[in-house]
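As structure tokens, the structure follows; a few thoughts come after it.
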Amino acid sequence: MDAMTDTRVETHAETGGYALSVDVEDYFQVWAFSDVIRKQSWDGFAPRVGDATRACLDLFEARGATATFFTLGWVAQRDPALIREIVARGHELGSHGADHTKVNEQTPGEFARDVSQTKKLLEDIAGVEVRGYRAAGFSIDHTTPWAHEILQREGYAYSSSTHPISHDHYGDASAPQSPYQPIKDERFIEAPVATVEFLGRRISCAGGGWFRAAPVEVSKMMLRHAGKTLQGPVIFYFHPWEIDSGQPRIKRASVKSKLRHYLNLKTMPHKLDIVLKTFPWGRVDQALGIRGATS
Ligand SMILES: [Zn+2]
């Protein structure tokens, strides 16, 4: 056993399983469009994230699933009723940062301000404690060794901000696949999104573009395999805009970005529903056995 696996989180009967997460951001705020849509212009777009997130809430309710909604401060400021509805319907509220700036594009000081202000904003609106954080674009990596320490200091109990694969925008194929303790305070957990090993290669089965691209039966097989091989919860994620096929098209974006963003949006709700009814999905905090996690 190497040093990385030594720090794996001890799981007990109630932890592990399948954890569902939603990154609450609007279709025009995604990283793939950030070269053609400046943050300063976001207020000029008609928001769709409220309706799309409520559609997620309805899908989950129909299947008895609970989830963690990692939400942008920007969205919470403009739609506080949505934040309260997420909590009222039994889900965990987490932070996705203020305005989708990647961690590895911030200084430690900027990051501390971002995560502390967003936590307070979400808590003031929702009236519940925010314990979890997900970095925009899974941007906690080897270039941000200070990030987990700062999150712990600002009162977070866990982060789900790493995607341990090779990818052109993010990821580190040598990072741990299962939840681990990244800092001295062993109560703080980093919980990577789901991956499996196949023929000596790591493949993501965490959701997002991969899920929309693959046949649902393949996704189910991989998620089942991840449930047997990961030491801790299988963490799946997607975005509300992925079930919103009526979203306006961003014509100026690159062909590659458009291919990725618009791929199979129409079939996504149905695929998602199949996965929702196949696995027993719950909140990330509860799946990790975070102290004080309530439903
Ligand atoms: Zn995001």
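Each chain of the structure tokens is named A, B, ... in the order shown, its residues numbered from 1; ligands are numbered from 1 in display order.
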Per-residue nearest contacts chain A to ligand 1, cut-off 8 Å, using only C-alpha atoms and all ligand atoms, as JSON lines:
{"residue": "A:Asp23", "atom": "CA", "partner": "ligand 1", "partner_atom_place_in_ligand_line": "1 (Zn)", "distance": 5.5}
{"residue": "A:Val24", "atom": "CA", "partner": "ligand 1", "partner_atom_place_in_ligand_line": "1 (Zn)", "distance": 7.1}
{"residue": "A:Glu25", "atom": "CA", "partner": "ligand 1", "partner_atom_place_in_ligand_line": "1 (Zn)", "distance": 6.2}
{"residue": "A:Gln29", "atom": "CA", "partner": "ligand 1", "partner_atom_place_in_ligand_line": "1 (Zn)", "distance": 7.8}
{"residue": "A:Val30", "atom": "CA", "partner": "ligand 1", "partner_atom_place_in_ligand_line": "1 (Zn)", "distance": 6.3}
{"residue": "A:Trp31", "atom": "CA", "partner": "ligand 1", "partner_atom_place_in_ligand_line": "1 (Zn)", "distance": 7.4}
{"residue": "A:His96", "atom": "CA", "partner": "ligand 1", "partner_atom_place_in_ligand_line": "1 (Zn)", "distance": 6.7}
{"residue": "A:His100", "atom": "CA", "partner": "ligand 1", "partner_atom_place_in_ligand_line": "1 (Zn)", "distance": 6.2}
{"residue": "A:Ala135", "atom": "CA", "partner": "ligand 1", "partner_atom_place_in_ligand_line": "1 (Zn)", "distance": 7.3}
{"residue": "A:Ala136", "atom": "CA", "partner": "ligand 1", "partner_atom_place_in_ligand_line": "1 (Zn)", "distance": 4.4}
{"residue": "A:Gly137", "atom": "CA", "partner": "ligand 1", "partner_atom_place_in_ligand_line": "1 (Zn)", "distance": 5.7}
{"residue": "A:His239", "atom": "CA", "partner": "ligand 1", "partner_atom_place_in_ligand_line": "1 (Zn)", "distance": 7.7}
Requested write-out: N, CA and C atoms of the selected residues, as a PDB file, in the first residue's frame:
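Written file, again-v2.pdb:
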ATOM      1  N   ASP A  23     -23.938  20.512 -10.540  1.00  0.00           N
ATOM      2  CA  ASP A  23     -23.202  21.779 -10.493  1.00  0.00           C
ATOM      3  C   ASP A  23     -24.126  22.865 -11.040  1.00  0.00           C
ATOM      4  N   VAL A  24     -24.629  23.709 -10.134  1.00  0.00           N
ATOM      5  CA  VAL A  24     -25.672  24.663 -10.512  1.00  0.00           C
ATOM      6  C   VAL A  24     -25.054  25.928 -11.101  1.00  0.00           C
ATOM      7  N   GLU A  25     -25.095  25.994 -12.431  1.00  0.00           N
ATOM      8  CA  GLU A  25     -24.580  27.135 -13.180  1.00  0.00           C
ATOM      9  C   GLU A  25     -25.394  27.229 -14.460  1.00  0.00           C
ATOM     10  N   GLN A  29     -22.366  30.095 -18.605  1.00  0.00           N
ATOM     11  CA  GLN A  29     -21.279  30.257 -17.629  1.00  0.00           C
ATOM     12  C   GLN A  29     -20.245  29.138 -17.687  1.00  0.00           C
ATOM     13  N   VAL A  30     -20.415  28.219 -18.619  1.00  0.00           N
ATOM     14  CA  VAL A  30     -19.516  27.057 -18.646  1.00  0.00           C
ATOM     15  C   VAL A  30     -18.131  27.455 -19.135  1.00  0.00           C
ATOM     16  N   TRP A  31     -17.158  26.681 -18.711  1.00  0.00           N
ATOM     17  CA  TRP A  31     -15.775  26.998 -19.050  1.00  0.00           C
ATOM     18  C   TRP A  31     -15.544  26.971 -20.569  1.00  0.00           C
ATOM     19  N   HIS A  96     -20.113  26.068  -5.231  1.00  0.00           N
ATOM     20  CA  HIS A  96     -19.362  25.883  -6.490  1.00  0.00           C
ATOM     21  C   HIS A  96     -18.524  27.137  -6.761  1.00  0.00           C
ATOM     22  N   HIS A 100     -17.373  30.922 -10.886  1.00  0.00           N
ATOM     23  CA  HIS A 100     -16.795  29.910 -11.766  1.00  0.00           C
ATOM     24  C   HIS A 100     -15.349  30.191 -12.169  1.00  0.00           C
ATOM     25  N   ALA A 135     -14.795  22.610  -6.993  1.00  0.00           N
ATOM     26  CA  ALA A 135     -14.095  23.617  -7.784  1.00  0.00           C
ATOM     27  C   ALA A 135     -14.621  23.651  -9.217  1.00  0.00           C
ATOM     28  N   ALA A 136     -14.698  24.840  -9.790  1.00  0.00           N
ATOM     29  CA  ALA A 136     -15.049  24.986 -11.208  1.00  0.00           C
ATOM     30  C   ALA A 136     -14.029  24.192 -12.026  1.00  0.00           C
ATOM     31  N   GLY A 137     -14.511  23.392 -12.957  1.00  0.00           N
ATOM     32  CA  GLY A 137     -13.619  22.645 -13.852  1.00  0.00           C
ATOM     33  C   GLY A 137     -12.654  21.713 -13.131  1.00  0.00           C
ATOM     34  N   HIS A 239     -24.915  18.899 -15.032  1.00  0.00           N
ATOM     35  CA  HIS A 239     -25.323  20.304 -14.899  1.00  0.00           C
ATOM     36  C   HIS A 239     -26.782  20.456 -15.329  1.00  0.00           C
TER      37      HIS A 239
END
As a short mmCIF file (atom, residue, chain, number, x, y, z; two decimals) with C-alpha atoms, in the first residue's frame, please: the residues near Tyr237 (chain A) (cut-off 10 Å, only C-alpha atoms, same-chain neighbours under 6 positions excluded).
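Final output, around_5.cif:
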data_model
loop_
_atom_site.label_atom_id
_atom_site.label_comp_id
_atom_site.auth_asym_id
_atom_site.auth_seq_id
_atom_site.Cartn_x
_atom_site.Cartn_y
_atom_site.Cartn_z
CA ALA A 19 -23.82 9.98 -4.49
CA LEU A 20 -25.47 12.34 -6.94
CA SER A 21 -24.27 15.90 -7.51
CA VAL A 22 -25.43 18.81 -9.64
CA ASP A 23 -23.20 21.78 -10.49
CA ALA A 67 -28.41 14.91 -4.18
CA THR A 68 -25.88 17.63 -3.46
CA PHE A 69 -26.28 20.87 -5.41
CA PHE A 70 -22.92 22.66 -5.69
CA VAL A 193 -15.73 11.95 -8.89
CA ALA A 194 -16.14 8.38 -10.18
CA CYS A 205 -17.89 7.32 -15.32
CA ALA A 206 -18.60 10.47 -13.35
CA GLY A 207 -21.15 12.02 -15.69
CA GLY A 208 -20.89 15.21 -17.74
CA PHE A 211 -22.31 10.24 -19.87
#
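Non-sequential neighbours of region 131-133 of chain A (distance at most 8 Å, separation of 3 or more positions within a chain, only C-alpha atoms) are Phe70, Leu93, Gly94, Ser95, His96, Gly97, Gly155, Tyr156, Ala157, Tyr158, Ser159, Ser160, Ser161 and Asp285 of chain A.
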- Message: With distances taken over only C-alpha atoms, which residue among A:Lys277, A:Asp141, A:Pro182, A:Leu151 lies nearest Gly109 (chain A)?
- Response: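 Closest residue, counting only C-alpha atoms: A:Leu151.
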- Item | Between CA of Gln177 (chain A) and CA of Gln117 (chain A), distance in Å (one decimal) |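 Pair CA of Gln177 (chain A) / CA of Gln117 (chain A) returns 29.6 Å.
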- Task: Between CA of Asp185 (chain A) and CA of Leu230 (chain A), measure the distance and give it in Å to one decimal.
- Result: 22.5 Å
- Option closest in space to Leu276 (chain A), from A:Ile125, A:Val49, A:Ala253, A:Val216 [counting only C-alpha atoms]: A:Val216
Do you know which residues are at most 12 Å from Glu242 (chain A) counting only C-alpha atoms, after dropping those on the same chain fewer than 5 positions away, and could you put them as a PDB file with N, CA and C atoms, in the first residue's frame?
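Saved as selection_3.pdb:
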ATOM      1  N   VAL A  22     -25.036  17.921  -8.553  1.00  0.00           N
ATOM      2  CA  VAL A  22     -25.425  18.811  -9.644  1.00  0.00           C
ATOM      3  C   VAL A  22     -24.623  20.093  -9.487  1.00  0.00           C
ATOM      4  N   ASP A  23     -23.938  20.512 -10.540  1.00  0.00           N
ATOM      5  CA  ASP A  23     -23.202  21.779 -10.493  1.00  0.00           C
ATOM      6  C   ASP A  23     -24.126  22.865 -11.040  1.00  0.00           C
ATOM      7  N   VAL A  24     -24.629  23.709 -10.134  1.00  0.00           N
ATOM      8  CA  VAL A  24     -25.672  24.663 -10.512  1.00  0.00           C
ATOM      9  C   VAL A  24     -25.054  25.928 -11.101  1.00  0.00           C
ATOM     10  N   GLU A  25     -25.095  25.994 -12.431  1.00  0.00           N
ATOM     11  CA  GLU A  25     -24.580  27.135 -13.180  1.00  0.00           C
ATOM     12  C   GLU A  25     -25.394  27.229 -14.460  1.00  0.00           C
ATOM     13  N   ASP A  26     -25.410  28.391 -15.093  1.00  0.00           N
ATOM     14  CA  ASP A  26     -26.235  28.543 -16.293  1.00  0.00           C
ATOM     15  C   ASP A  26     -25.450  28.159 -17.544  1.00  0.00           C
ATOM     16  N   TYR A  27     -26.173  27.960 -18.640  1.00  0.00           N
ATOM     17  CA  TYR A  27     -25.529  27.447 -19.880  1.00  0.00           C
ATOM     18  C   TYR A  27     -24.466  28.378 -20.434  1.00  0.00           C
ATOM     19  N   VAL A  30     -20.415  28.219 -18.619  1.00  0.00           N
ATOM     20  CA  VAL A  30     -19.516  27.057 -18.646  1.00  0.00           C
ATOM     21  C   VAL A  30     -18.131  27.455 -19.135  1.00  0.00           C
ATOM     22  N   ARG A  48     -31.752  30.622 -17.372  1.00  0.00           N
ATOM     23  CA  ARG A  48     -32.518  29.382 -17.562  1.00  0.00           C
ATOM     24  C   ARG A  48     -32.221  28.379 -16.452  1.00  0.00           C
ATOM     25  N   VAL A  49     -31.235  28.693 -15.605  1.00  0.00           N
ATOM     26  CA  VAL A  49     -30.781  27.725 -14.598  1.00  0.00           C
ATOM     27  C   VAL A  49     -31.864  27.410 -13.558  1.00  0.00           C
ATOM     28  N   ALA A  52     -34.272  24.893 -15.159  1.00  0.00           N
ATOM     29  CA  ALA A  52     -33.571  23.622 -15.402  1.00  0.00           C
ATOM     30  C   ALA A  52     -33.279  22.898 -14.084  1.00  0.00           C
ATOM     31  N   THR A  53     -32.941  23.655 -13.047  1.00  0.00           N
ATOM     32  CA  THR A  53     -32.656  23.027 -11.750  1.00  0.00           C
ATOM     33  C   THR A  53     -33.945  22.476 -11.130  1.00  0.00           C
ATOM     34  N   ALA A  55     -36.383  21.334 -12.802  1.00  0.00           N
ATOM     35  CA  ALA A  55     -36.663  20.092 -13.547  1.00  0.00           C
ATOM     36  C   ALA A  55     -35.836  18.939 -12.954  1.00  0.00           C
ATOM     37  N   CYS A  56     -34.605  19.228 -12.533  1.00  0.00           N
ATOM     38  CA  CYS A  56     -33.777  18.195 -11.873  1.00  0.00           C
ATOM     39  C   CYS A  56     -34.450  17.769 -10.570  1.00  0.00           C
ATOM     40  N   GLY A 207     -20.053  11.202 -15.173  1.00  0.00           N
ATOM     41  CA  GLY A 207     -21.154  12.018 -15.688  1.00  0.00           C
ATOM     42  C   GLY A 207     -20.657  13.002 -16.721  1.00  0.00           C
ATOM     43  N   GLY A 208     -21.293  14.175 -16.792  1.00  0.00           N
ATOM     44  CA  GLY A 208     -20.888  15.209 -17.737  1.00  0.00           C
ATOM     45  C   GLY A 208     -20.930  14.711 -19.171  1.00  0.00           C
ATOM     46  N   GLY A 209     -19.998  15.198 -19.991  1.00  0.00           N
ATOM     47  CA  GLY A 209     -19.968  14.877 -21.417  1.00  0.00           C
ATOM     48  C   GLY A 209     -19.828  13.388 -21.708  1.00  0.00           C
ATOM     49  N   TRP A 210     -19.085  12.666 -20.868  1.00  0.00           N
ATOM     50  CA  TRP A 210     -18.899  11.224 -21.085  1.00  0.00           C
ATOM     51  C   TRP A 210     -20.246  10.514 -21.034  1.00  0.00           C
ATOM     52  N   PHE A 211     -21.026  10.897 -20.056  1.00  0.00           N
ATOM     53  CA  PHE A 211     -22.312  10.238 -19.869  1.00  0.00           C
ATOM     54  C   PHE A 211     -23.231  10.496 -21.061  1.00  0.00           C
ATOM     55  N   ARG A 212     -23.213  11.744 -21.559  1.00  0.00           N
ATOM     56  CA  ARG A 212     -24.067  12.052 -22.707  1.00  0.00           C
ATOM     57  C   ARG A 212     -23.593  11.332 -23.970  1.00  0.00           C
ATOM     58  N   ALA A 213     -22.283  11.093 -24.067  1.00  0.00           N
ATOM     59  CA  ALA A 213     -21.733  10.469 -25.274  1.00  0.00           C
ATOM     60  C   ALA A 213     -21.939   8.950 -25.298  1.00  0.00           C
ATOM     61  N   TYR A 237     -21.924  13.372 -11.467  1.00  0.00           N
ATOM     62  CA  TYR A 237     -22.304  14.794 -11.562  1.00  0.00           C
ATOM     63  C   TYR A 237     -22.864  15.125 -12.942  1.00  0.00           C
ATOM     64  N   GLN A 247     -32.059  25.416 -24.865  1.00  0.00           N
ATOM     65  CA  GLN A 247     -31.192  26.574 -24.581  1.00  0.00           C
ATOM     66  C   GLN A 247     -30.711  27.233 -25.873  1.00  0.00           C
ATOM     67  N   ARG A 260     -19.089  19.336 -27.911  1.00  0.00           N
ATOM     68  CA  ARG A 260     -19.150  18.808 -26.537  1.00  0.00           C
ATOM     69  C   ARG A 260     -20.405  19.282 -25.800  1.00  0.00           C
ATOM     70  N   HIS A 261     -20.680  20.584 -25.919  1.00  0.00           N
ATOM     71  CA  HIS A 261     -21.749  21.153 -25.105  1.00  0.00           C
ATOM     72  C   HIS A 261     -23.142  20.680 -25.547  1.00  0.00           C
ATOM     73  N   TYR A 262     -23.337  20.558 -26.874  1.00  0.00           N
ATOM     74  CA  TYR A 262     -24.687  20.263 -27.364  1.00  0.00           C
ATOM     75  C   TYR A 262     -24.935  18.780 -27.631  1.00  0.00           C
ATOM     76  N   LEU A 263     -23.930  17.933 -27.398  1.00  0.00           N
ATOM     77  CA  LEU A 263     -24.065  16.504 -27.696  1.00  0.00           C
ATOM     78  C   LEU A 263     -25.165  15.838 -26.851  1.00  0.00           C
ATOM     79  N   ASN A 264     -26.136  15.247 -27.548  1.00  0.00           N
ATOM     80  CA  ASN A 264     -27.175  14.420 -26.907  1.00  0.00           C
ATOM     81  C   ASN A 264     -27.941  15.106 -25.769  1.00  0.00           C
ATOM     82  N   LEU A 265     -28.168  16.412 -25.871  1.00  0.00           N
ATOM     83  CA  LEU A 265     -28.959  17.080 -24.821  1.00  0.00           C
ATOM     84  C   LEU A 265     -30.382  16.526 -24.784  1.00  0.00           C
ATOM     85  N   LYS A 266     -30.910  16.186 -25.959  1.00  0.00           N
ATOM     86  CA  LYS A 266     -32.311  15.724 -26.038  1.00  0.00           C
ATOM     87  C   LYS A 266     -32.521  14.395 -25.319  1.00  0.00           C
ATOM     88  N   THR A 267     -31.521  13.502 -25.404  1.00  0.00           N
ATOM     89  CA  THR A 267     -31.701  12.178 -24.799  1.00  0.00           C
ATOM     90  C   THR A 267     -31.267  12.144 -23.327  1.00  0.00           C
ATOM     91  N   MET A 268     -30.676  13.231 -22.867  1.00  0.00           N
ATOM     92  CA  MET A 268     -30.126  13.244 -21.504  1.00  0.00           C
ATOM     93  C   MET A 268     -31.184  12.991 -20.411  1.00  0.00           C
ATOM     94  N   PRO A 269     -32.362  13.657 -20.440  1.00  0.00           N
ATOM     95  CA  PRO A 269     -33.313  13.403 -19.345  1.00  0.00           C
ATOM     96  C   PRO A 269     -33.690  11.930 -19.224  1.00  0.00           C
ATOM     97  N   HIS A 270     -33.875  11.264 -20.372  1.00  0.00           N
ATOM     98  CA  HIS A 270     -34.264   9.860 -20.349  1.00  0.00           C
ATOM     99  C   HIS A 270     -33.127   8.974 -19.807  1.00  0.00           C
ATOM    100  N   LYS A 271     -31.892   9.252 -20.293  1.00  0.00           N
ATOM    101  CA  LYS A 271     -30.736   8.484 -19.817  1.00  0.00           C
ATOM    102  C   LYS A 271     -30.553   8.657 -18.312  1.00  0.00           C
ATOM    103  N   LEU A 272     -30.680   9.914 -17.900  1.00  0.00           N
ATOM    104  CA  LEU A 272     -30.513  10.227 -16.486  1.00  0.00           C
ATOM    105  C   LEU A 272     -31.546   9.476 -15.655  1.00  0.00           C
TER     106      LEU A 272
END
- All strand (DSSP E) positions in region 62-266 of chain A, as an NGL selection string: :A and (68-71 or 92-95 or 132-133 or 158-159 or 189-190 or 195-198 or 201-204 or 234-238)
Within 12 Å of region 59-63 of chain A: each region 74-126 of chain A residue with its shortest pair, only C-alpha atoms, as a Markdown table:
| residue | atom | partner | partner_atom | distance |
| --- | --- | --- | --- | --- |
| A:Ile86 | CA | A:Phe60 | CA | 11.2 |
| A:Arg89 | CA | A:Glu61 | CA | 8.4 |
| A:Gly90 | CA | A:Glu61 | CA | 9.6 |
| A:His91 | CA | A:Phe60 | CA | 9.9 |
Next, write the just-selected residues to a file, as a short mmCIF file (atom, residue, chain, number, x, y, z; two decimals), in the first residue's frame, keeping C-alpha atoms as the atom set.
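The resulting file, out_32.cif, is reproduced below:
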data_model
loop_
_atom_site.label_atom_id
_atom_site.label_comp_id
_atom_site.auth_asym_id
_atom_site.auth_seq_id
_atom_site.Cartn_x
_atom_site.Cartn_y
_atom_site.Cartn_z
CA ILE A 86 -33.21 22.90 -3.05
CA ARG A 89 -36.79 19.40 -0.88
CA GLY A 90 -34.24 17.49 1.21
CA HIS A 91 -31.02 18.04 -0.73
#
- Query: In region 3-228 of chain A, what's alpha helix (DSSP H) per DSSP? Answer as a PyMOL selection string?
  - Reply: chain A and resi 3-6+49-63+73-78+80-88+108-126+147-153+208-213+216-228
- Point-to-point distance in Å for CA of Arg54 (chain A) and CA of Ala191 (chain A):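 Separation between CA of Ala191 (chain A) and CA of Arg54 (chain A): 25.8 Å.
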